[in-house]
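S.K.: So here's start.cif (mmCIF, C-alpha atoms).
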```cif
data_protein
loop_
_atom_site.group_PDB
_atom_site.id
_atom_site.type_symbol
_atom_site.label_atom_id
_atom_site.label_comp_id
_atom_site.auth_asym_id
_atom_site.auth_seq_id
_atom_site.Cartn_x
_atom_site.Cartn_y
_atom_site.Cartn_z
ATOM 1 C CA MET N 23 85.874 82.310 144.580
ATOM 2 C CA SER N 24 88.698 81.835 147.066
ATOM 3 C CA GLY N 25 92.277 80.882 146.358
ATOM 4 C CA GLN N 26 92.316 82.516 142.957
ATOM 5 C CA ALA N 27 95.342 81.377 141.000
ATOM 6 C CA VAL N 28 97.901 83.859 139.750
ATOM 7 C CA GLY N 29 97.159 84.948 136.190
ATOM 8 C CA GLN N 30 93.396 84.523 136.293
ATOM 9 C CA PRO N 31 91.568 87.516 134.835
ATOM 10 C CA VAL N 32 90.099 90.069 137.243
ATOM 11 C CA PHE N 33 87.156 92.061 135.877
ATOM 12 C CA GLU N 34 88.146 95.306 137.630
ATOM 13 C CA GLU N 35 91.605 95.195 136.070
ATOM 14 C CA LEU N 36 90.392 94.954 132.453
ATOM 15 C CA ALA N 37 90.456 97.939 130.114
ATOM 16 C CA VAL N 38 89.064 98.306 126.603
ATOM 17 C CA GLY N 39 91.869 97.652 124.133
ATOM 18 C CA ASP N 40 93.743 95.165 126.339
ATOM 19 C CA VAL N 41 95.052 92.155 124.415
ATOM 20 C CA VAL N 42 94.292 89.358 126.874
ATOM 21 C CA ALA N 43 95.495 86.355 124.864
ATOM 22 C CA GLU N 44 97.331 85.606 121.639
ATOM 23 C CA ARG N 45 98.017 82.162 120.209
ATOM 24 C CA SER N 46 99.437 80.720 117.022
ATOM 25 C CA ARG N 47 97.714 77.570 115.742
ATOM 26 C CA VAL N 48 98.630 75.349 112.822
ATOM 27 C CA PHE N 49 95.685 73.677 111.085
ATOM 28 C CA THR N 50 97.023 70.538 109.416
ATOM 29 C CA ARG N 51 95.048 67.978 107.424
ATOM 30 C CA ASP N 52 95.084 65.595 110.379
ATOM 31 C CA ARG N 53 93.691 68.393 112.598
ATOM 32 C CA LEU N 54 90.807 68.767 110.121
ATOM 33 C CA VAL N 55 90.130 65.028 110.237
ATOM 34 C CA ARG N 56 90.239 65.121 114.033
ATOM 35 C CA TYR N 57 87.747 68.000 114.058
ATOM 36 C CA ALA N 58 85.496 66.172 111.577
ATOM 37 C CA GLY N 59 85.365 63.165 113.884
ATOM 38 C CA ALA N 60 84.783 65.193 117.044
ATOM 39 C CA SER N 61 82.066 67.388 115.524
ATOM 40 C CA GLY N 62 80.363 65.016 113.082
ATOM 41 C CA ASP N 63 80.955 67.375 110.121
ATOM 42 C CA PHE N 64 82.157 65.011 107.391
ATOM 43 C CA ASN N 65 81.749 67.348 104.429
ATOM 44 C CA PRO N 66 84.429 65.980 102.035
ATOM 45 C CA ILE N 67 85.622 69.495 101.071
ATOM 46 C CA HIS N 68 87.487 69.328 104.403
ATOM 47 C CA TYR N 69 89.557 66.251 103.498
ATOM 48 C CA ARG N 70 89.376 65.595 99.717
ATOM 49 C CA ASP N 71 91.046 67.956 97.251
ATOM 50 C CA ASP N 72 89.266 66.374 94.272
ATOM 51 C CA VAL N 73 85.813 66.990 95.779
ATOM 52 C CA ALA N 74 86.770 70.524 96.840
ATOM 53 C CA ARG N 75 87.987 71.336 93.314
ATOM 54 C CA SER N 76 84.888 69.805 91.718
ATOM 55 C CA VAL N 77 82.748 72.454 93.461
ATOM 56 C CA GLY N 78 85.029 75.301 92.451
ATOM 57 C CA LEU N 79 87.233 75.578 95.549
ATOM 58 C CA PRO N 80 91.053 75.803 95.390
ATOM 59 C CA GLY N 81 91.428 72.633 97.478
ATOM 60 C CA VAL N 82 90.706 71.375 100.998
ATOM 61 C CA LEU N 83 89.497 74.127 103.352
ATOM 62 C CA ALA N 84 89.472 74.245 107.149
ATOM 63 C CA HIS N 85 86.013 73.881 108.704
ATOM 64 C CA GLY N 86 84.691 77.331 109.583
ATOM 65 C CA MET N 87 83.648 75.793 112.879
ATOM 66 C CA LEU N 88 87.220 74.642 113.564
ATOM 67 C CA THR N 89 88.334 78.258 113.179
ATOM 68 C CA MET N 90 85.475 79.503 115.354
ATOM 69 C CA GLY N 91 86.125 76.726 117.888
ATOM 70 C CA ALA N 92 89.869 77.331 118.100
ATOM 71 C CA ALA N 93 89.336 81.096 118.489
ATOM 72 C CA GLY N 94 86.653 80.603 121.140
ATOM 73 C CA ALA N 95 88.941 78.203 122.997
ATOM 74 C CA VAL N 96 91.602 80.925 123.270
ATOM 75 C CA ALA N 97 89.025 83.187 124.937
ATOM 76 C CA SER N 98 87.535 80.506 127.190
ATOM 77 C CA ASP N 99 90.987 79.231 128.225
ATOM 78 C CA TRP N 100 91.822 82.814 129.226
ATOM 79 C CA LEU N 101 88.552 83.121 131.190
ATOM 80 C CA GLY N 102 88.925 79.815 133.010
ATOM 81 C CA SER N 103 86.530 79.394 135.926
ATOM 82 C CA VAL N 104 86.110 83.088 136.812
ATOM 83 C CA GLY N 105 83.135 83.475 134.478
ATOM 84 C CA HIS N 106 81.197 81.891 131.639
ATOM 85 C CA VAL N 107 80.273 82.622 128.041
ATOM 86 C CA LEU N 108 76.919 84.290 127.344
ATOM 87 C CA ASP N 109 77.113 84.725 123.590
ATOM 88 C CA TYR N 110 79.590 83.927 120.845
ATOM 89 C CA GLN N 111 79.109 84.937 117.227
ATOM 90 C CA VAL N 112 81.233 85.111 114.087
ATOM 91 C CA ARG N 113 80.891 85.825 110.378
ATOM 92 C CA PHE N 114 82.987 83.670 108.084
ATOM 93 C CA THR N 115 84.507 86.119 105.617
ATOM 94 C CA ARG N 116 87.475 84.222 104.081
ATOM 95 C CA PRO N 117 88.185 80.520 103.635
ATOM 96 C CA ILE N 118 91.413 78.960 104.953
ATOM 97 C CA PRO N 119 92.981 76.610 102.355
ATOM 98 C CA VAL N 120 94.985 73.900 104.137
ATOM 99 C CA ASP N 121 98.116 72.712 102.353
ATOM 100 C CA ALA N 122 98.556 68.925 102.493
ATOM 101 C CA GLU N 123 102.190 69.194 103.613
ATOM 102 C CA THR N 124 102.489 72.395 105.597
ATOM 103 C CA GLY N 125 98.955 73.052 106.803
ATOM 104 C CA ALA N 126 97.822 76.617 107.516
ATOM 105 C CA GLU N 127 99.126 78.756 110.354
ATOM 106 C CA VAL N 128 96.695 81.205 111.946
ATOM 107 C CA THR N 129 97.184 83.807 114.667
ATOM 108 C CA ILE N 130 94.325 84.281 117.123
ATOM 109 C CA THR N 131 94.187 87.490 119.167
ATOM 110 C CA ALA N 132 91.662 88.219 121.927
ATOM 111 C CA THR N 133 91.084 91.899 122.728
ATOM 112 C CA VAL N 134 88.765 93.538 125.258
ATOM 113 C CA ALA N 135 86.234 95.488 123.151
ATOM 114 C CA ALA N 136 83.596 96.577 125.694
ATOM 115 C CA LEU N 137 82.973 96.394 129.441
ATOM 116 C CA ASP N 138 79.744 96.687 131.414
ATOM 117 C CA PRO N 139 80.615 97.177 135.110
ATOM 118 C CA GLU N 140 76.956 96.900 136.246
ATOM 119 C CA LYS N 141 76.361 93.551 134.591
ATOM 120 C CA ARG N 142 80.029 92.519 135.033
ATOM 121 C CA THR N 143 80.210 91.484 131.376
ATOM 122 C CA ALA N 144 83.103 91.834 128.954
ATOM 123 C CA ARG N 145 82.982 91.620 125.179
ATOM 124 C CA ILE N 146 86.123 90.028 123.811
ATOM 125 C CA ASP N 147 86.734 90.476 120.094
ATOM 126 C CA LEU N 148 88.610 87.630 118.435
ATOM 127 C CA SER N 149 90.790 88.302 115.446
ATOM 128 C CA VAL N 150 91.944 85.322 113.379
ATOM 129 C CA VAL N 151 94.599 86.146 110.795
ATOM 130 C CA PHE N 152 95.724 83.784 108.020
ATOM 131 C CA ALA N 153 98.248 84.899 105.362
ATOM 132 C CA GLU N 154 98.050 88.460 106.728
ATOM 133 C CA GLN N 155 94.281 88.690 106.276
ATOM 134 C CA LYS N 156 91.441 88.414 108.750
ATOM 135 C CA VAL N 157 89.236 85.396 108.112
ATOM 136 C CA LEU N 158 86.416 86.233 110.563
ATOM 137 C CA GLY N 159 84.197 89.304 110.781
ATOM 138 C CA LYS N 160 82.181 90.469 113.813
ATOM 139 C CA SER N 161 83.796 87.816 115.969
ATOM 140 C CA GLN N 162 82.451 88.641 119.414
ATOM 141 C CA PHE N 163 82.710 86.596 122.586
ATOM 142 C CA LEU N 164 80.597 87.950 125.430
ATOM 143 C CA VAL N 165 81.397 86.723 128.937
ATOM 144 C CA ALA N 166 79.891 87.228 132.378
ATOM 145 C CA PHE N 167 82.212 87.398 135.374
ATOM 146 C CA ALA N 168 81.098 85.851 138.657
ATOM 147 C CA MET U 7 67.714 77.611 94.442
ATOM 148 C CA VAL U 8 66.445 76.985 97.956
ATOM 149 C CA ASN U 9 62.659 76.854 98.224
ATOM 150 C CA PRO U 10 61.661 80.225 99.787
ATOM 151 C CA GLU U 11 58.514 78.639 101.218
ATOM 152 C CA ILE U 12 60.508 76.880 103.962
ATOM 153 C CA GLN U 13 60.862 80.259 105.727
ATOM 154 C CA GLY U 14 59.046 79.826 109.050
ATOM 155 C CA LYS U 15 59.096 76.041 108.860
ATOM 156 C CA ALA U 16 59.667 74.224 112.171
ATOM 157 C CA TYR U 17 61.185 70.738 112.220
ATOM 158 C CA PRO U 18 60.496 67.958 114.764
ATOM 159 C CA SER U 19 62.591 67.982 117.940
ATOM 160 C CA THR U 20 65.620 65.700 117.831
ATOM 161 C CA ALA U 21 65.985 62.588 120.000
ATOM 162 C CA PRO U 22 67.769 63.393 123.299
ATOM 163 C CA TYR U 23 71.549 63.709 122.928
ATOM 164 C CA THR U 24 73.495 62.680 126.040
ATOM 165 C CA VAL U 25 76.675 64.704 126.472
ATOM 166 C CA GLY U 26 79.455 62.227 127.301
ATOM 167 C CA ARG U 27 82.544 63.135 129.322
ATOM 168 C CA GLU U 28 84.886 61.599 126.751
ATOM 169 C CA LYS U 29 83.037 63.428 123.949
ATOM 170 C CA VAL U 30 83.618 66.741 125.729
ATOM 171 C CA ARG U 31 87.320 65.888 126.084
ATOM 172 C CA GLU U 32 87.551 64.786 122.436
ATOM 173 C CA PHE U 33 85.861 67.971 121.207
ATOM 174 C CA ALA U 34 88.090 70.109 123.448
ATOM 175 C CA ARG U 35 91.217 68.425 122.039
ATOM 176 C CA ALA U 36 89.904 68.933 118.490
ATOM 177 C CA VAL U 37 89.578 72.730 118.937
ATOM 178 C CA LEU U 38 92.771 72.970 121.054
ATOM 179 C CA ALA U 39 90.869 74.022 124.203
ATOM 180 C CA GLU U 40 93.293 73.456 127.046
ATOM 181 C CA SER U 41 91.432 74.614 130.174
ATOM 182 C CA PRO U 42 91.263 71.779 132.754
ATOM 183 C CA LEU U 43 87.522 72.545 133.062
ATOM 184 C CA HIS U 44 87.061 70.577 129.799
ATOM 185 C CA HIS U 45 89.257 67.666 130.831
ATOM 186 C CA ASP U 46 89.300 67.150 134.608
ATOM 187 C CA ALA U 47 85.968 66.438 136.326
ATOM 188 C CA ASP U 48 87.396 67.113 139.814
ATOM 189 C CA ILE U 49 88.611 70.564 138.793
ATOM 190 C CA ALA U 50 85.275 71.285 137.088
ATOM 191 C CA ARG U 51 83.375 70.232 140.231
ATOM 192 C CA ALA U 52 85.643 72.359 142.426
ATOM 193 C CA ALA U 53 84.699 75.311 140.201
ATOM 194 C CA GLY U 54 80.984 74.628 140.765
ATOM 195 C CA TYR U 55 80.090 72.570 137.686
ATOM 196 C CA ALA U 56 78.445 69.132 137.778
ATOM 197 C CA ASP U 57 81.074 67.634 135.442
ATOM 198 C CA VAL U 58 83.510 68.622 132.684
ATOM 199 C CA VAL U 59 82.387 71.761 130.821
ATOM 200 C CA ALA U 60 81.921 71.701 127.046
ATOM 201 C CA PRO U 61 83.865 74.266 124.963
ATOM 202 C CA PRO U 62 81.817 77.246 123.694
ATOM 203 C CA THR U 63 81.178 75.863 120.194
ATOM 204 C CA PHE U 64 80.191 72.355 121.355
ATOM 205 C CA PRO U 65 76.436 72.984 120.735
ATOM 206 C CA ILE U 66 77.211 72.629 117.005
ATOM 207 C CA VAL U 67 77.130 68.859 117.643
ATOM 208 C CA VAL U 68 73.444 69.036 118.596
ATOM 209 C CA GLN U 69 72.631 71.794 116.117
ATOM 210 C CA ASP U 70 74.112 69.666 113.347
ATOM 211 C CA LEU U 71 71.491 66.979 114.029
ATOM 212 C CA THR U 72 68.842 69.587 113.235
ATOM 213 C CA LEU U 73 70.689 70.943 110.189
ATOM 214 C CA GLN U 74 70.756 67.384 108.837
ATOM 215 C CA GLN U 75 66.944 67.511 108.890
ATOM 216 C CA LEU U 76 67.078 70.583 106.657
ATOM 217 C CA LEU U 77 69.550 68.979 104.259
ATOM 218 C CA ALA U 78 67.414 65.817 104.070
ATOM 219 C CA ASP U 79 64.227 67.807 103.410
ATOM 220 C CA GLU U 80 63.631 67.414 99.671
ATOM 221 C CA SER U 81 61.093 70.246 99.678
ATOM 222 C CA ALA U 82 63.825 72.634 100.933
ATOM 223 C CA ALA U 83 66.124 71.836 97.958
ATOM 224 C CA VAL U 84 69.395 72.659 99.770
ATOM 225 C CA ASP U 85 72.338 71.281 97.741
ATOM 226 C CA PHE U 86 74.855 70.270 100.449
ATOM 227 C CA SER U 87 77.805 70.196 98.042
ATOM 228 C CA ARG U 88 77.305 73.935 97.394
ATOM 229 C CA VAL U 89 76.810 75.002 101.018
ATOM 230 C CA VAL U 90 79.249 77.337 102.751
ATOM 231 C CA HIS U 91 78.908 78.571 106.296
ATOM 232 C CA GLY U 92 78.049 82.274 106.358
ATOM 233 C CA ASP U 93 77.732 83.036 110.040
ATOM 234 C CA GLN U 94 77.212 81.315 113.366
ATOM 235 C CA ARG U 95 76.037 82.348 116.809
ATOM 236 C CA PHE U 96 75.494 80.674 120.177
ATOM 237 C CA SER U 97 73.398 82.462 122.822
ATOM 238 C CA TYR U 98 73.682 80.748 126.173
ATOM 239 C CA THR U 99 71.540 80.536 129.279
ATOM 240 C CA ARG U 100 74.062 78.222 130.949
ATOM 241 C CA PRO U 101 77.167 76.222 129.994
ATOM 242 C CA ILE U 102 76.804 72.618 128.791
ATOM 243 C CA VAL U 103 78.319 69.950 131.055
ATOM 244 C CA ALA U 104 78.815 66.201 130.662
ATOM 245 C CA GLY U 105 75.665 64.358 131.669
ATOM 246 C CA ASP U 106 73.317 66.892 130.076
ATOM 247 C CA GLU U 107 70.557 65.425 127.934
ATOM 248 C CA LEU U 108 69.924 67.902 125.160
ATOM 249 C CA VAL U 109 67.081 68.224 122.660
ATOM 250 C CA GLY U 110 67.262 70.557 119.664
ATOM 251 C CA THR U 111 64.350 72.089 117.774
ATOM 252 C CA MET U 112 65.039 74.031 114.594
ATOM 253 C CA THR U 113 63.032 76.691 112.828
ATOM 254 C CA VAL U 114 63.998 78.219 109.491
ATOM 255 C CA THR U 115 63.863 81.938 110.254
ATOM 256 C CA SER U 116 64.794 83.388 106.881
ATOM 257 C CA VAL U 117 65.459 82.480 103.251
ATOM 258 C CA LYS U 118 66.958 85.168 101.031
ATOM 259 C CA SER U 119 68.325 85.240 97.505
ATOM 260 C CA LEU U 120 71.207 87.386 96.348
ATOM 261 C CA GLY U 121 72.764 87.108 92.922
ATOM 262 C CA GLY U 122 71.744 83.478 92.483
ATOM 263 C CA ASN U 123 73.027 82.505 95.943
ATOM 264 C CA SER U 124 70.537 81.540 98.636
ATOM 265 C CA MET U 125 70.995 82.386 102.304
ATOM 266 C CA VAL U 126 69.166 80.174 104.770
ATOM 267 C CA THR U 127 69.117 81.248 108.414
ATOM 268 C CA SER U 128 67.954 78.761 111.006
ATOM 269 C CA SER U 129 67.609 78.897 114.762
ATOM 270 C CA THR U 130 67.941 75.767 116.907
ATOM 271 C CA GLU U 131 66.671 75.989 120.490
ATOM 272 C CA ILE U 132 68.535 73.533 122.699
ATOM 273 C CA VAL U 133 66.923 72.559 126.006
ATOM 274 C CA ASP U 134 67.867 70.126 128.792
ATOM 275 C CA ALA U 135 65.975 67.112 130.184
ATOM 276 C CA GLU U 136 63.793 69.443 132.290
ATOM 277 C CA GLY U 137 62.913 71.451 129.194
ATOM 278 C CA ALA U 138 64.927 74.441 130.437
ATOM 279 C CA HIS U 139 66.726 76.541 127.837
ATOM 280 C CA VAL U 140 70.489 75.937 127.564
ATOM 281 C CA VAL U 141 71.576 77.607 124.330
ATOM 282 C CA THR U 142 70.195 78.820 121.018
ATOM 283 C CA ALA U 143 72.350 78.093 117.970
ATOM 284 C CA ILE U 144 71.771 80.295 114.929
ATOM 285 C CA SER U 145 73.463 79.800 111.596
ATOM 286 C CA THR U 146 73.296 81.158 108.104
ATOM 287 C CA LEU U 147 74.169 78.734 105.330
ATOM 288 C CA VAL U 148 75.009 80.200 101.943
ATOM 289 C CA VAL U 149 74.052 77.911 99.067
ATOM 290 C CA ARG U 150 76.252 79.006 96.173
ATOM 291 C CA ALA U 151 74.668 79.357 92.762
ATOM 292 C CA GLN U 152 75.140 76.633 90.181
ATOM 293 C CA GLU U 153 77.123 78.019 87.262
ATOM 294 C CA GLU U 154 74.040 77.873 84.995
ATOM 295 C CA ASP U 155 71.915 79.817 87.559
ATOM 296 C CA ALA U 156 74.399 82.620 88.081
#
```
Take the structure I supplied and represent it as structure tokens, if you would.
M.R.:
Amino acid sequence: MSGQAVGQPVFEELAVGDVVAERSRVFTRDRLVRYAGASGDFNPIHYRDDVARSVGLPGVLAHGMLTMGAAGAVASDWLGSVGHVLDYQVRFTRPIPVDAETGAEVTITATVAALDPEKRTARIDLSVVFAEQKVLGKSQFLVAFA
Amino acid sequence: MVNPEIQGKAYPSTAPYTVGREKVREFARAVLAESPLHHDADIARAAGYADVVAPPTFPIVVQDLTLQQLLADESAAVDFSRVVHGDQRFSYTRPIVAGDELVGTMTVTSVKSLGGNSMVTSSTEIVDAEGAHVVTAISTLVVRAQEEDA
């Protein structure tokens, strides 16, 4: 690709352990409603405290797929047009309760975990931290560079 | 408890889902994906794509149509109000772009029980209008035990 913009990732310059992107995101109730509409996931535990409590939850939780989506977006925004995603997987290990007034602030960190120079692939591990605890396990985003 | 006999069960393919440009933009805004590839068709075309590119987790929209089949299947006995998402994976052959016509076909690959909870793993193959593979979406749903089962 010609005319590569400044700041785009270059495969040869990556090293295992590099933090390539870090973002803070605030999940508010209206963000959950927006995600419900965009995705089609209208499970009421993501917008009704009474329903969430009736099934034994502390209150409204963020959609796991909102967390996975927001984390994946940090990695794909970093990648831009210099490559594409081959595989993205996560385990949901902790729920994120979303306070009606203040929401829930998460920190998403993308770190280079493995490089394959022959295939020109990079595995980016995505850490999502809420209230000082990781909420995803085995969160791996595998990309192929052009 | 989820019926263990649904392990191996394949469900009918979904009706074609046409990926709309505004839907891609809406989904990208919802997950805070800011790359212009999701929003600006000219920039996406300049980068070699046919139209705006869907964010990495967009296939959940098509996969969800297949998961609804599972939830509606009375023989499966999956209680939606007790479902939590255990894990999720997308394995791509190529990115999804606006204009794609996608069909999903789900198979239940595993049903396990652990301490009264059931874990249902399903795999949804998503293909384009030519029948070519685009992405496989795999998820494990954990159906939490009712208090009286635990």
S.K.: To one decimal in Å, tell me the separation between CA of Thr111 (chain U) and CA of Val30 (chain U).
M.R.: 21.5 Å
S.K.: Please measure the separation of CA of Phe86 (chain U) and CA of Asp71 (chain N), giving the value in Å to one decimal.
M.R.: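 So the two atoms, CA of Phe86 (chain U) and CA of Asp71 (chain N), lie 16.7 Å apart.
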S.K.: Determine, using all atoms listed in the file, which residues of chain N have any atom at most 6 Å from an atom of chain U, and tabulate each with its shortest atom pair and distance in Å to one decimal place, rows ordered by chain and then rising number, as a Markdown table.
M.R.:
```
| residue | atom | partner | partner_atom | distance |
| --- | --- | --- | --- | --- |
| N:Arg56 | CA | U:Ala36 | CA | 5.9 |
| N:Tyr57 | CA | U:Ala36 | CA | 5.0 |
| N:Ala60 | CA | U:Phe33 | CA | 5.1 |
| N:Ser61 | CA | U:Val67 | CA | 5.6 |
| N:Gly91 | CA | U:Val37 | CA | 5.4 |
| N:Ala92 | CA | U:Val37 | CA | 4.7 |
| N:Ala95 | CA | U:Ala39 | CA | 4.8 |
| N:Asp99 | CA | U:Ser41 | CA | 5.0 |
| N:Leu108 | CA | U:Tyr98 | CA | 4.9 |
| N:Asp109 | CA | U:Ser97 | CA | 4.4 |
| N:Tyr110 | CA | U:Phe96 | CA | 5.3 |
| N:Gln111 | CA | U:Arg95 | CA | 4.0 |
| N:Val112 | CA | U:Gln94 | CA | 5.6 |
| N:Arg113 | CA | U:Asp93 | CA | 4.2 |
| N:Phe114 | CA | U:Gly92 | CA | 5.4 |
```
S.K.: Could you spell out the hits of the PyMOL selection byres ((chain U and resi 117) around 6) on the shown file, as a PyMOL selection string?
M.R.: chain U and resi 10+13+116+118+125-126
S.K.: Taking the file as shown, what set of residues would the PyMOL selection byres ((chain U and resi 20-23) around 6) give back, as a list of chain:residue names?
M.R.: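 Residues picked by the PyMOL selection byres ((chain U and resi 20-23) around 6): U:Ser19, U:Thr24, U:Glu107, U:Leu108, U:Val109, U:Gly110.
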S.K.: For Val41 (chain N), which residue out of N:Val157, N:Val96, N:Val104, N:Ala126 is the nearest one, using only C-alpha atoms?
M.R.: N:Val96
S.K.: So that I can check the surroundings of Glu44 (chain N), please list as a ChimeraX atom specification every protein, DNA and RNA residue that reaches within 7 Å of it, counting only C-alpha atoms and ignoring chain neighbours fewer than 5 positions away.
M.R.: /N:130-132
S.K.: For the structure provided, state which residues fall under the PyMOL selection byres ((chain N and resi 36) around 12), and present them as a list of chain:residue names.
M.R.: N:Gln30, N:Pro31, N:Val32, N:Phe33, N:Glu34, N:Glu35, N:Ala37, N:Val38, N:Gly39, N:Asp40, N:Val41, N:Val42, N:Thr133, N:Val134, N:Ala135, N:Ala136, N:Leu137, N:Asp138, N:Pro139, N:Arg142, N:Thr143, N:Ala144, N:Arg145, N:Ile146, N:Phe167
S.K.: Box for region 118-122 of chain U: with edges along x, y and z, all listed atoms inside and 3 Å added on each side, what are the centre and edge lengths in Å to one decimal, as lines of an AutoDock Vina configuration file?
M.R.:
```
center_x = 69.9
center_y = 85.4
center_z = 96.8
size_x = 11.8
size_y = 9.9
size_z = 14.5
```
S.K.: Measure the distance from CA of Lys160 (chain N) to CA of Leu148 (chain N) in Å and round it to one decimal.
M.R.: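 Going from CA of Lys160 (chain N) over to CA of Leu148 (chain N) covers 8.4 Å.
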